[in-house]
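Structure first, commentary second.
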Amino acid sequence: MANINCSELLINASESISYVSDMDTYEILYLNKHAMELLGLNSPDDYQGSTCYRILQGLDSPCPFCTNAHLKENEIYRWEHFNGSVNTWFDVSDTMVCVDNRRLRIEIARDISVRKGNFSSISHRSSVEDILSLCLKTLTRTKDTDAAFRILLEAIGIYYRANRVYIFEFNLENWTLSNTFEWCRPGISQEKDNLQNLPLNLVDYWVNRFETDGEFCINSLEGEVDPDSESYEILKRQNIDSLMAAPLVHNDLIIGFLGVDDPRKNIGHFTLLRSMSEFILIELEKRRLLTELEYLSYTDVLTGLKNRHYYARILQEYELHPPTVLGIVFVNVNGIKNINDTYGYKRGDYVLQRTAQILSDHIPGVCFRSGGDEFVALCEDISQNDFQQAVSNLRSAYDSDDDCSAAIGCVWQSGEINVSEQIHNADELMYAEKQMYYSHVLHEGHSSLRTGAADQVLQEIEDGDFTVYYQPQVELESGRIIGAEALVRKISKDSQLISPNNFIPFYEVEGVIRYVDLFVLENACICLQEWRKLGHILHMSVNFSRITLMEPGIVESIRDICSRYHVPTSFITIEVTESISKIDSGHLQQLVRDLMDAGFSISLDDFGSYYSNLAILSALDFDEIKFDKTLIQDLETNPKSRTVLQNSIRMCQDLPSAHSIAEGIETSHQLELLKEFHCERGQGYFFSKPLPRDEFTLLIRHNHHGM
Ligand code: C2E
Ligand code: MG
Ligand code: MG
């Protein structure tokens, strides 16, 4: 034991208790001076040849809480332990060392009874009043009710030197009882989890005794409890021989009880138990009120769903710990304003309640009322199939319900989830569907159901508040105008032109951007028809919001407009921005396929602005890549921009059938550089600003005749 002797001086000099034992035989090899003093041993002869469990814990077999299995060489295993035989709390550090092929356990323990509070010294206190006043003080300072219960039960356990102290609560609604709190002396196994939702009649014996005697004491199971009774069997199974119990009575009703198993001290003295049950009743009531308060503060009173505060809380939690699978459903009630205005708020409330009910009936997740007429459901741990099935059932339920109609947006994702982005996507999909509702309502002529935003934009279109400008697109090599981009403008009350950047986002969130986009398309078709009559065969680029493109049946609507004006679809290029990749990938692939099958070209607008997502180029086939003006404007001054652009154009040439076009060309130098890079097409103030239709007609006449 040379190694151990080396550290002996050090160990004895500290205030700690330490010992060394053989991990395989439990033989105790060494105890330091403080440990011997604490255990009342005079010399090493008093422990040598004996085991650690016998000397330290007074047990006949290894301690049930032995930490040997956790120990590793060069690692410290730290834990806290109450040693009942010396009535002291210890902060314990264990480690394993190997000496001469023996695995040795070294334990160093520090007395932390003072830090653990005054309860460890409870058994030394003679007066119950002392303990009660200590508990009361602790309770008033402890906000956490669970911690409060632990402290109370521990105090009871130590006072009675019991093995276990516990609270059972009755649930009188379903006639069951559960063990809700317990304290166990170290070494005594926890039983709480095995004692949940038991039938209440199991404790008939207890209830009878509470009713006749108030609290009661069983000094010995054998002889005092009928061996054929269930109570006997339960106690026997847990090796309980004696116990004390006091009822918890609220409004003259027994709502549970407080029990002490195998007390070894103060047996039959009920003063403490009785007073403690009063404290416990107060804590239980406090907990009930807190639960109720929490329920109320997170519940939407009208629908019973979780409210927006709770929704915000969950989103905050997701930011820290995003789920690995998440299905999101957004639901927006159609026409609630109209219902309120026409039929009154009572009816409106009913529709909201019904919408909430249908949502929670069909979606297996947490449902929230996130706004006035908006609902969200978040489903974790759900397969994509189950989620889609649930949403499809939800749609059918809303469709077949006479009282409410709703727009739904849903997304499902697994893996690394950016929750706020997914929420945004679901929200947008819901808006896209909302547009369908508006168009349906307007198409069907239910003028009474018209909704504010759609009404407003249609009125503006009717009043001529929008106009379309056309900017030429030029074949760079020949300088010939080959097409135009249609760009919308709004005319303010004082006849100023408002840039689309200032109003398009507003129409997007209102779910009415489709009207603007289709209005522009219609005007563009009228122009193409007119120019063709004048002998100018041009193609037309039209910008489409992704919200419009998410609308089911949109390809059909675009094609209908073209055929109304006899414009072949091959003359129309649909401009989309990178943000289109936010559409669910399956849906996006289908959309692009449908547009291409219908004969439209697709251009990726603003490529190279902000951050560019190259993945979109490999995921989808574009007919045209439109380089953003920020790349062009940098060309003359920034050699790096030149490299980036030149290589991007080269990449474009390598992509199947993608033409290159540069926008924002303002100078002849930029034009020369672009030609040098073999960029095919261009657009910009150098050629022309966007023009009203008539001016554009003059321009092409001039351009085409001048060729
Ligand atoms: P965009 O599709 O990238 O359109 C090009 C924008 O650059 C236009 O601004 C155009 O006037 C401007 N531009 C053209 N050449 C030059 C140039 O040489 N220098 C500079 N500095 N700017 C130039 P505009 O018309 O204000 O449109 C802004 C954006 O609004 C468009 O960007 C497009 O995203 C959107 N937008 C326009 N019309 C529609 C529409 O009908 N529907 C939808 N959804 N969006 C539209
Ligand atoms: Mg554009
Ligand atoms: Mg652009």
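Letters A, B, ... mark the chains of the structure tokens in the order given; residue numbers begin at 1 per chain; ligand numbers begin at 1, in order shown.
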ask   = Do you know which residues are within 7 Å of ligand 3 using only C-alpha atoms and all ligand atoms? Can you write them as an MDAnalysis selection string?
value = chainID A and resid 605:606 626 628 663
inquiry  = What does the list of residues within 8 Å of ligand 2 look like if you count only C-alpha atoms and all ligand atoms, written as a list in words?
reply    =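 Checked against 8 Å with only C-alpha atoms and all ligand atoms; the hits are Glu485, Leu487, Ser541, Val542, Asn543, Glu575, Val576, Asp605 and Asp606 of chain A.
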Could you write out the selected residues, including all heavy atoms, as a compact mmCIF listing (two decimals), in the first residue's frame?
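Output file part_37.txt follows:
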# COMPACT_ATOMS: atom_id res chain seq x y z
N GLU A 485 -39.79 43.97 -70.73
CA GLU A 485 -40.22 43.53 -69.40
C GLU A 485 -41.36 44.44 -68.97
O GLU A 485 -41.24 45.67 -69.06
CB GLU A 485 -39.08 43.59 -68.37
CG GLU A 485 -39.59 43.19 -66.98
CD GLU A 485 -38.51 43.08 -65.90
OE1 GLU A 485 -37.35 43.46 -66.18
OE2 GLU A 485 -38.85 42.62 -64.80
N LEU A 487 -43.46 46.23 -66.27
CA LEU A 487 -43.22 46.66 -64.89
C LEU A 487 -44.39 47.52 -64.42
O LEU A 487 -44.72 48.51 -65.08
CB LEU A 487 -41.91 47.43 -64.81
CG LEU A 487 -40.65 46.60 -65.10
CD1 LEU A 487 -39.49 47.48 -65.55
CD2 LEU A 487 -40.26 45.76 -63.89
N SER A 541 -41.54 39.69 -70.85
CA SER A 541 -41.24 39.14 -69.53
C SER A 541 -42.20 39.76 -68.52
O SER A 541 -42.35 40.99 -68.50
CB SER A 541 -39.81 39.47 -69.12
OG SER A 541 -38.92 38.75 -69.93
N VAL A 542 -42.81 38.92 -67.70
CA VAL A 542 -43.75 39.41 -66.69
C VAL A 542 -43.30 38.89 -65.32
O VAL A 542 -43.00 37.70 -65.18
CB VAL A 542 -45.19 38.94 -66.99
CG1 VAL A 542 -46.17 39.54 -65.99
CG2 VAL A 542 -45.59 39.31 -68.40
N ASN A 543 -43.24 39.79 -64.35
CA ASN A 543 -42.83 39.38 -62.99
C ASN A 543 -44.01 38.74 -62.26
O ASN A 543 -45.11 39.29 -62.25
CB ASN A 543 -42.37 40.60 -62.19
CG ASN A 543 -41.13 41.23 -62.80
OD1 ASN A 543 -40.03 40.74 -62.62
ND2 ASN A 543 -41.32 42.30 -63.56
N GLU A 575 -41.01 35.78 -64.95
CA GLU A 575 -39.81 36.09 -64.14
C GLU A 575 -40.09 35.74 -62.67
O GLU A 575 -41.09 36.19 -62.10
CB GLU A 575 -39.45 37.58 -64.25
CG GLU A 575 -38.79 37.91 -65.56
CD GLU A 575 -38.03 39.24 -65.51
OE1 GLU A 575 -37.81 39.79 -64.41
OE2 GLU A 575 -37.66 39.72 -66.59
N VAL A 576 -39.19 34.95 -62.13
CA VAL A 576 -39.32 34.61 -60.70
C VAL A 576 -38.00 34.97 -60.03
O VAL A 576 -36.97 35.03 -60.69
CB VAL A 576 -39.61 33.11 -60.49
CG1 VAL A 576 -40.93 32.73 -61.11
CG2 VAL A 576 -38.48 32.25 -61.05
N ASP A 605 -34.83 35.87 -62.04
CA ASP A 605 -34.57 37.32 -61.93
C ASP A 605 -33.57 37.60 -60.79
O ASP A 605 -33.46 36.80 -59.85
CB ASP A 605 -35.91 38.00 -61.62
CG ASP A 605 -35.91 39.47 -61.94
OD1 ASP A 605 -34.86 40.00 -62.34
OD2 ASP A 605 -36.97 40.11 -61.77
N ASP A 606 -32.92 38.71 -60.85
CA ASP A 606 -32.07 39.23 -59.76
C ASP A 606 -30.98 38.25 -59.34
O ASP A 606 -30.58 38.24 -58.17
CB ASP A 606 -32.92 39.58 -58.52
CG ASP A 606 -33.93 40.66 -58.83
OD1 ASP A 606 -33.77 41.34 -59.86
OD2 ASP A 606 -34.87 40.82 -58.04
task = Please identify all polymer residues within 7 Å of Leu248 of chain A, counting only C-alpha atoms, omitting same-chain residues fewer than 3 positions from it, and present them as a list in words.
result = Ile254, Ile255, Gly256, Phe257, Leu258, Ser277 and Leu281 of chain A
Okay, now the selection with N, CA, C and O atoms, as an mmCIF file, in the first residue's frame?
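Output file result-v9.cif is given in full below:
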data_model
loop_
_atom_site.group_PDB
_atom_site.id
_atom_site.type_symbol
_atom_site.label_atom_id
_atom_site.label_comp_id
_atom_site.auth_asym_id
_atom_site.auth_seq_id
_atom_site.Cartn_x
_atom_site.Cartn_y
_atom_site.Cartn_z
ATOM 1 N N ILE A 254 -61.770 13.996 2.271
ATOM 2 C CA ILE A 254 -60.394 13.467 2.243
ATOM 3 C C ILE A 254 -59.909 13.519 0.795
ATOM 4 O O ILE A 254 -60.505 12.894 -0.094
ATOM 5 N N ILE A 255 -58.869 14.296 0.552
ATOM 6 C CA ILE A 255 -58.382 14.419 -0.829
ATOM 7 C C ILE A 255 -57.042 13.710 -1.021
ATOM 8 O O ILE A 255 -56.463 13.753 -2.096
ATOM 9 N N GLY A 256 -56.566 13.037 0.040
ATOM 10 C CA GLY A 256 -55.300 12.318 -0.070
ATOM 11 C C GLY A 256 -54.773 12.017 1.316
ATOM 12 O O GLY A 256 -55.494 12.176 2.309
ATOM 13 N N PHE A 257 -53.537 11.584 1.395
ATOM 14 C CA PHE A 257 -52.956 11.367 2.723
ATOM 15 C C PHE A 257 -51.441 11.456 2.681
ATOM 16 O O PHE A 257 -50.820 11.437 1.610
ATOM 17 N N LEU A 258 -50.908 11.594 3.893
ATOM 18 C CA LEU A 258 -49.473 11.700 4.084
ATOM 19 C C LEU A 258 -49.049 10.447 4.840
ATOM 20 O O LEU A 258 -49.659 10.103 5.857
ATOM 21 N N SER A 277 -49.442 18.024 7.653
ATOM 22 C CA SER A 277 -50.492 17.831 6.649
ATOM 23 C C SER A 277 -51.207 19.155 6.373
ATOM 24 O O SER A 277 -51.658 19.392 5.254
ATOM 25 N N LEU A 281 -51.431 20.780 2.717
ATOM 26 C CA LEU A 281 -52.688 21.212 2.099
ATOM 27 C C LEU A 281 -52.548 22.603 1.499
ATOM 28 O O LEU A 281 -53.016 22.867 0.392
#
Name the residues, by chain letter and number, that sit within 7 Å of ligand 1 using only C-alpha atoms and all ligand atoms, and give them as a short mmCIF file (atom, residue, chain, number, x, y, z; two decimals) with all heavy atoms, in the first residue's frame.
data_model
loop_
_atom_site.label_atom_id
_atom_site.label_comp_id
_atom_site.auth_asym_id
_atom_site.auth_seq_id
_atom_site.Cartn_x
_atom_site.Cartn_y
_atom_site.Cartn_z
N ALA A 486 -42.44 43.83 -68.55
CA ALA A 486 -43.60 44.62 -68.09
C ALA A 486 -43.40 44.94 -66.62
O ALA A 486 -43.19 44.03 -65.81
CB ALA A 486 -44.87 43.81 -68.29
N LEU A 487 -43.46 46.23 -66.27
CA LEU A 487 -43.22 46.66 -64.89
C LEU A 487 -44.39 47.52 -64.42
O LEU A 487 -44.72 48.51 -65.08
CB LEU A 487 -41.91 47.43 -64.81
CG LEU A 487 -40.65 46.60 -65.10
CD1 LEU A 487 -39.49 47.48 -65.55
CD2 LEU A 487 -40.26 45.76 -63.89
N VAL A 488 -44.96 47.12 -63.33
CA VAL A 488 -46.17 47.82 -62.87
C VAL A 488 -45.81 49.09 -62.12
O VAL A 488 -44.76 49.19 -61.50
CB VAL A 488 -47.03 46.87 -62.00
CG1 VAL A 488 -46.36 46.62 -60.66
CG2 VAL A 488 -48.44 47.41 -61.81
N SER A 499 -43.28 53.42 -57.08
CA SER A 499 -42.49 52.26 -57.50
C SER A 499 -43.08 50.97 -56.92
O SER A 499 -43.57 50.95 -55.78
CB SER A 499 -41.05 52.45 -57.00
OG SER A 499 -40.50 51.20 -56.70
N PRO A 500 -43.05 49.90 -57.68
CA PRO A 500 -43.64 48.65 -57.19
C PRO A 500 -43.05 48.17 -55.87
O PRO A 500 -43.74 47.53 -55.07
CB PRO A 500 -43.35 47.64 -58.31
CG PRO A 500 -42.38 48.29 -59.22
CD PRO A 500 -42.49 49.77 -59.04
N ASN A 501 -41.77 48.50 -55.64
CA ASN A 501 -41.16 48.07 -54.36
C ASN A 501 -41.92 48.64 -53.17
O ASN A 501 -41.84 48.10 -52.06
CB ASN A 501 -39.71 48.53 -54.28
CG ASN A 501 -38.85 47.77 -55.27
OD1 ASN A 501 -39.16 46.63 -55.60
ND2 ASN A 501 -37.80 48.41 -55.77
N ILE A 504 -45.85 46.42 -53.62
CA ILE A 504 -46.01 44.96 -53.83
C ILE A 504 -45.96 44.16 -52.52
O ILE A 504 -46.83 43.30 -52.31
CB ILE A 504 -44.99 44.48 -54.88
CG1 ILE A 504 -45.50 45.01 -56.20
CG2 ILE A 504 -44.81 42.96 -54.84
CD1 ILE A 504 -45.08 44.39 -57.43
N ILE A 513 -51.94 39.82 -54.24
CA ILE A 513 -50.97 40.19 -55.27
C ILE A 513 -51.33 39.58 -56.62
O ILE A 513 -50.99 40.11 -57.67
CB ILE A 513 -49.52 39.80 -54.83
CG1 ILE A 513 -48.47 40.34 -55.82
CG2 ILE A 513 -49.37 38.33 -54.64
CD1 ILE A 513 -48.39 41.82 -55.90
N VAL A 516 -52.79 41.98 -59.10
CA VAL A 516 -51.84 42.90 -59.72
C VAL A 516 -51.08 42.16 -60.82
O VAL A 516 -50.97 42.62 -61.96
CB VAL A 516 -50.86 43.47 -58.67
CG1 VAL A 516 -49.85 44.40 -59.32
CG2 VAL A 516 -51.62 44.18 -57.57
N ASP A 517 -50.56 40.97 -60.48
CA ASP A 517 -49.77 40.20 -61.45
C ASP A 517 -50.59 39.88 -62.71
O ASP A 517 -50.10 40.01 -63.83
CB ASP A 517 -49.24 38.91 -60.81
CG ASP A 517 -48.13 39.19 -59.80
OD1 ASP A 517 -47.61 40.32 -59.80
OD2 ASP A 517 -47.79 38.28 -59.01
N VAL A 520 -51.17 42.92 -64.87
CA VAL A 520 -50.00 43.25 -65.67
C VAL A 520 -49.90 42.30 -66.86
O VAL A 520 -49.66 42.72 -68.00
CB VAL A 520 -48.71 43.21 -64.81
CG1 VAL A 520 -47.47 43.41 -65.67
CG2 VAL A 520 -48.77 44.26 -63.72
N VAL A 542 -42.81 38.92 -67.70
CA VAL A 542 -43.75 39.41 -66.69
C VAL A 542 -43.30 38.89 -65.32
O VAL A 542 -43.00 37.70 -65.18
CB VAL A 542 -45.19 38.94 -66.99
CG1 VAL A 542 -46.17 39.54 -65.99
CG2 VAL A 542 -45.59 39.31 -68.40
N ASN A 543 -43.24 39.79 -64.35
CA ASN A 543 -42.83 39.38 -62.99
C ASN A 543 -44.01 38.74 -62.26
O ASN A 543 -45.11 39.29 -62.25
CB ASN A 543 -42.37 40.60 -62.19
CG ASN A 543 -41.13 41.23 -62.80
OD1 ASN A 543 -40.03 40.74 -62.62
ND2 ASN A 543 -41.32 42.30 -63.56
N PHE A 544 -43.76 37.63 -61.64
CA PHE A 544 -44.81 36.99 -60.83
C PHE A 544 -44.31 36.79 -59.40
O PHE A 544 -43.23 36.25 -59.19
CB PHE A 544 -45.21 35.63 -61.43
CG PHE A 544 -46.28 35.75 -62.46
CD1 PHE A 544 -45.95 35.98 -63.79
CD2 PHE A 544 -47.61 35.67 -62.11
CE1 PHE A 544 -46.94 36.10 -64.75
CE2 PHE A 544 -48.61 35.79 -63.06
CZ PHE A 544 -48.28 36.01 -64.39
N SER A 545 -45.12 37.22 -58.45
CA SER A 545 -44.79 36.98 -57.05
C SER A 545 -44.88 35.48 -56.77
O SER A 545 -45.73 34.80 -57.35
CB SER A 545 -45.79 37.73 -56.17
OG SER A 545 -45.75 37.19 -54.87
N ASP A 605 -34.83 35.87 -62.04
CA ASP A 605 -34.57 37.32 -61.93
C ASP A 605 -33.57 37.60 -60.79
O ASP A 605 -33.46 36.80 -59.85
CB ASP A 605 -35.91 38.00 -61.62
CG ASP A 605 -35.91 39.47 -61.94
OD1 ASP A 605 -34.86 40.00 -62.34
OD2 ASP A 605 -36.97 40.11 -61.77
N ASP A 606 -32.92 38.71 -60.85
CA ASP A 606 -32.07 39.23 -59.76
C ASP A 606 -30.98 38.25 -59.34
O ASP A 606 -30.58 38.24 -58.17
CB ASP A 606 -32.92 39.58 -58.52
CG ASP A 606 -33.93 40.66 -58.83
OD1 ASP A 606 -33.77 41.34 -59.86
OD2 ASP A 606 -34.87 40.82 -58.04
N LYS A 629 -28.69 43.93 -61.34
CA LYS A 629 -28.01 45.19 -61.69
C LYS A 629 -26.84 45.52 -60.76
O LYS A 629 -25.91 46.20 -61.18
CB LYS A 629 -28.99 46.36 -61.78
CG LYS A 629 -29.96 46.53 -60.66
CD LYS A 629 -30.90 47.68 -61.00
CE LYS A 629 -32.05 47.79 -60.03
NZ LYS A 629 -33.03 46.69 -60.17
N GLU A 663 -29.28 42.97 -66.41
CA GLU A 663 -30.19 44.12 -66.25
C GLU A 663 -29.42 45.26 -65.59
O GLU A 663 -28.42 45.05 -64.91
CB GLU A 663 -31.43 43.74 -65.46
CG GLU A 663 -31.21 43.49 -63.99
CD GLU A 663 -32.50 43.15 -63.23
OE1 GLU A 663 -33.58 43.17 -63.83
OE2 GLU A 663 -32.39 42.86 -62.04
N GLY A 664 -29.91 46.49 -65.84
CA GLY A 664 -29.26 47.65 -65.21
C GLY A 664 -28.04 48.14 -65.97
O GLY A 664 -27.13 48.72 -65.39
N ILE A 665 -27.99 47.89 -67.28
CA ILE A 665 -26.86 48.41 -68.08
C ILE A 665 -27.07 49.91 -68.25
O ILE A 665 -28.11 50.34 -68.78
CB ILE A 665 -26.78 47.72 -69.46
CG1 ILE A 665 -26.74 46.19 -69.28
CG2 ILE A 665 -25.58 48.22 -70.25
CD1 ILE A 665 -26.86 45.42 -70.59
N GLU A 666 -26.10 50.70 -67.79
CA GLU A 666 -26.27 52.16 -67.86
C GLU A 666 -25.22 52.84 -68.73
O GLU A 666 -25.39 53.99 -69.12
CB GLU A 666 -26.25 52.75 -66.45
CG GLU A 666 -27.47 52.31 -65.62
CD GLU A 666 -27.54 52.94 -64.24
OE1 GLU A 666 -26.58 53.63 -63.86
OE2 GLU A 666 -28.55 52.71 -63.56
N GLN A 683 -30.60 44.79 -70.70
CA GLN A 683 -31.74 45.66 -70.39
C GLN A 683 -31.19 46.76 -69.50
O GLN A 683 -30.33 46.48 -68.66
CB GLN A 683 -32.77 44.80 -69.65
CG GLN A 683 -34.04 45.46 -69.26
CD GLN A 683 -34.95 44.47 -68.47
OE1 GLN A 683 -34.78 43.25 -68.56
NE2 GLN A 683 -35.86 45.01 -67.71
N GLY A 684 -31.60 47.98 -69.67
CA GLY A 684 -31.10 49.03 -68.77
C GLY A 684 -31.30 50.42 -69.34
O GLY A 684 -31.68 50.58 -70.51
N TYR A 685 -31.02 51.43 -68.48
CA TYR A 685 -31.24 52.82 -68.88
C TYR A 685 -30.39 53.20 -70.09
O TYR A 685 -30.71 54.14 -70.81
CB TYR A 685 -30.92 53.76 -67.72
CG TYR A 685 -31.85 53.61 -66.51
CD1 TYR A 685 -31.56 54.25 -65.30
CD2 TYR A 685 -33.01 52.86 -66.60
CE1 TYR A 685 -32.39 54.12 -64.20
CE2 TYR A 685 -33.85 52.72 -65.51
CZ TYR A 685 -33.53 53.34 -64.31
OH TYR A 685 -34.36 53.20 -63.22
N PHE A 686 -29.28 52.47 -70.32
CA PHE A 686 -28.45 52.78 -71.48
C PHE A 686 -29.27 52.66 -72.76
O PHE A 686 -29.12 53.44 -73.69
CB PHE A 686 -27.24 51.84 -71.53
CG PHE A 686 -26.36 52.08 -72.72
CD1 PHE A 686 -25.53 53.20 -72.80
CD2 PHE A 686 -26.39 51.20 -73.81
CE1 PHE A 686 -24.76 53.43 -73.92
CE2 PHE A 686 -25.61 51.44 -74.93
CZ PHE A 686 -24.78 52.55 -74.98
N LYS A 689 -35.19 53.70 -70.36
CA LYS A 689 -35.90 53.50 -69.09
C LYS A 689 -37.20 52.77 -69.41
O LYS A 689 -37.62 52.74 -70.57
CB LYS A 689 -36.21 54.86 -68.47
CG LYS A 689 -34.97 55.52 -67.91
CD LYS A 689 -35.35 56.55 -66.86
CE LYS A 689 -34.09 56.93 -66.11
NZ LYS A 689 -34.27 57.81 -65.01
N PRO A 690 -37.88 52.20 -68.40
CA PRO A 690 -39.20 51.64 -68.68
C PRO A 690 -40.12 52.75 -69.21
O PRO A 690 -40.08 53.87 -68.69
CB PRO A 690 -39.67 51.13 -67.32
CG PRO A 690 -38.42 50.93 -66.52
CD PRO A 690 -37.48 52.00 -66.98
#
request  = Give me every helix (DSSP H, G or I) residue in segment 562-597 of chain A, going by DSSP on the backbone, as JSON, numbers by chain.
outcome  = {"A": [562, 563, 564, 569, 570, 571, 578, 579, 580, 581, 582, 585, 586, 587, 588, 589, 590, 591, 592, 593, 594, 595, 596, 597]}
Selection above as a file: N, CA and C atoms, as a JSON list (two decimals), in the first residue's frame:
[["chain", "number", "residue", "atom", "x", "y", "z"],
["A", 562, "CYS", "N", -53.62, 34.42, -71.73],
["A", 562, "CYS", "CA", -52.89, 34.46, -73.01],
["A", 562, "CYS", "C", -53.82, 34.10, -74.16],
["A", 563, "SER", "N", -54.61, 33.02, -73.95],
["A", 563, "SER", "CA", -55.43, 32.59, -75.09],
["A", 563, "SER", "C", -56.56, 33.60, -75.37],
["A", 564, "ARG", "N", -56.99, 34.31, -74.31],
["A", 564, "ARG", "CA", -58.02, 35.32, -74.53],
["A", 564, "ARG", "C", -57.53, 36.37, -75.54],
["A", 569, "THR", "N", -48.26, 31.06, -75.77],
["A", 569, "THR", "CA", -47.58, 31.05, -74.46],
["A", 569, "THR", "C", -46.06, 31.15, -74.62],
["A", 570, "SER", "N", -45.55, 30.73, -75.76],
["A", 570, "SER", "CA", -44.10, 30.77, -75.96],
["A", 570, "SER", "C", -43.57, 32.21, -76.04],
["A", 571, "PHE", "N", -44.48, 33.18, -76.12],
["A", 571, "PHE", "CA", -44.06, 34.58, -76.18],
["A", 571, "PHE", "C", -43.93, 35.20, -74.78],
["A", 578, "GLU", "N", -35.19, 34.27, -56.70],
["A", 578, "GLU", "CA", -34.70, 33.12, -55.95],
["A", 578, "GLU", "C", -35.62, 32.70, -54.82],
["A", 579, "SER", "N", -36.39, 33.68, -54.30],
["A", 579, "SER", "CA", -37.25, 33.38, -53.15],
["A", 579, "SER", "C", -38.26, 32.29, -53.49],
["A", 580, "ILE", "N", -38.38, 31.99, -54.78],
["A", 580, "ILE", "CA", -39.31, 30.92, -55.17],
["A", 580, "ILE", "C", -38.88, 29.59, -54.56],
["A", 581, "SER", "N", -37.59, 29.47, -54.23],
["A", 581, "SER", "CA", -37.12, 28.19, -53.68],
["A", 581, "SER", "C", -37.71, 27.94, -52.29],
["A", 582, "LYS", "N", -38.38, 28.96, -51.73],
["A", 582, "LYS", "CA", -39.02, 28.74, -50.42],
["A", 582, "LYS", "C", -40.28, 27.89, -50.56],
["A", 585, "SER", "N", -40.39, 21.93, -52.09],
["A", 585, "SER", "CA", -39.67, 21.54, -53.31],
["A", 585, "SER", "C", -40.52, 20.68, -54.26],
["A", 586, "GLY", "N", -41.35, 19.80, -53.71],
["A", 586, "GLY", "CA", -42.19, 18.96, -54.57],
["A", 586, "GLY", "C", -43.14, 19.82, -55.37],
["A", 587, "HIS", "N", -43.76, 20.76, -54.68],
["A", 587, "HIS", "CA", -44.73, 21.67, -55.30],
["A", 587, "HIS", "C", -44.05, 22.51, -56.38],
["A", 588, "LEU", "N", -42.81, 22.98, -56.06],
["A", 588, "LEU", "CA", -42.07, 23.86, -56.97],
["A", 588, "LEU", "C", -41.72, 23.12, -58.27],
["A", 589, "GLN", "N", -41.24, 21.89, -58.12],
["A", 589, "GLN", "CA", -40.88, 21.11, -59.31],
["A", 589, "GLN", "C", -42.10, 20.96, -60.22],
["A", 590, "GLN", "N", -43.25, 20.66, -59.58],
["A", 590, "GLN", "CA", -44.48, 20.46, -60.34],
["A", 590, "GLN", "C", -44.88, 21.75, -61.05],
["A", 591, "LEU", "N", -44.75, 22.87, -60.33],
["A", 591, "LEU", "CA", -45.13, 24.17, -60.89],
["A", 591, "LEU", "C", -44.29, 24.47, -62.13],
["A", 592, "VAL", "N", -42.96, 24.29, -62.00],
["A", 592, "VAL", "CA", -42.06, 24.60, -63.11],
["A", 592, "VAL", "C", -42.37, 23.68, -64.30],
["A", 593, "ARG", "N", -42.63, 22.42, -63.97],
["A", 593, "ARG", "CA", -42.98, 21.48, -65.05],
["A", 593, "ARG", "C", -44.26, 21.92, -65.76],
["A", 594, "ASP", "N", -45.28, 22.30, -64.96],
["A", 594, "ASP", "CA", -46.55, 22.71, -65.55],
["A", 594, "ASP", "C", -46.38, 23.95, -66.43],
["A", 595, "LEU", "N", -45.58, 24.93, -65.95],
["A", 595, "LEU", "CA", -45.37, 26.15, -66.72],
["A", 595, "LEU", "C", -44.67, 25.83, -68.04],
["A", 596, "MET", "N", -43.66, 24.97, -67.93],
["A", 596, "MET", "CA", -42.92, 24.63, -69.15],
["A", 596, "MET", "C", -43.79, 23.83, -70.11],
["A", 597, "ASP", "N", -44.57, 22.87, -69.55],
["A", 597, "ASP", "CA", -45.46, 22.08, -70.41],
["A", 597, "ASP", "C", -46.45, 22.98, -71.12]]
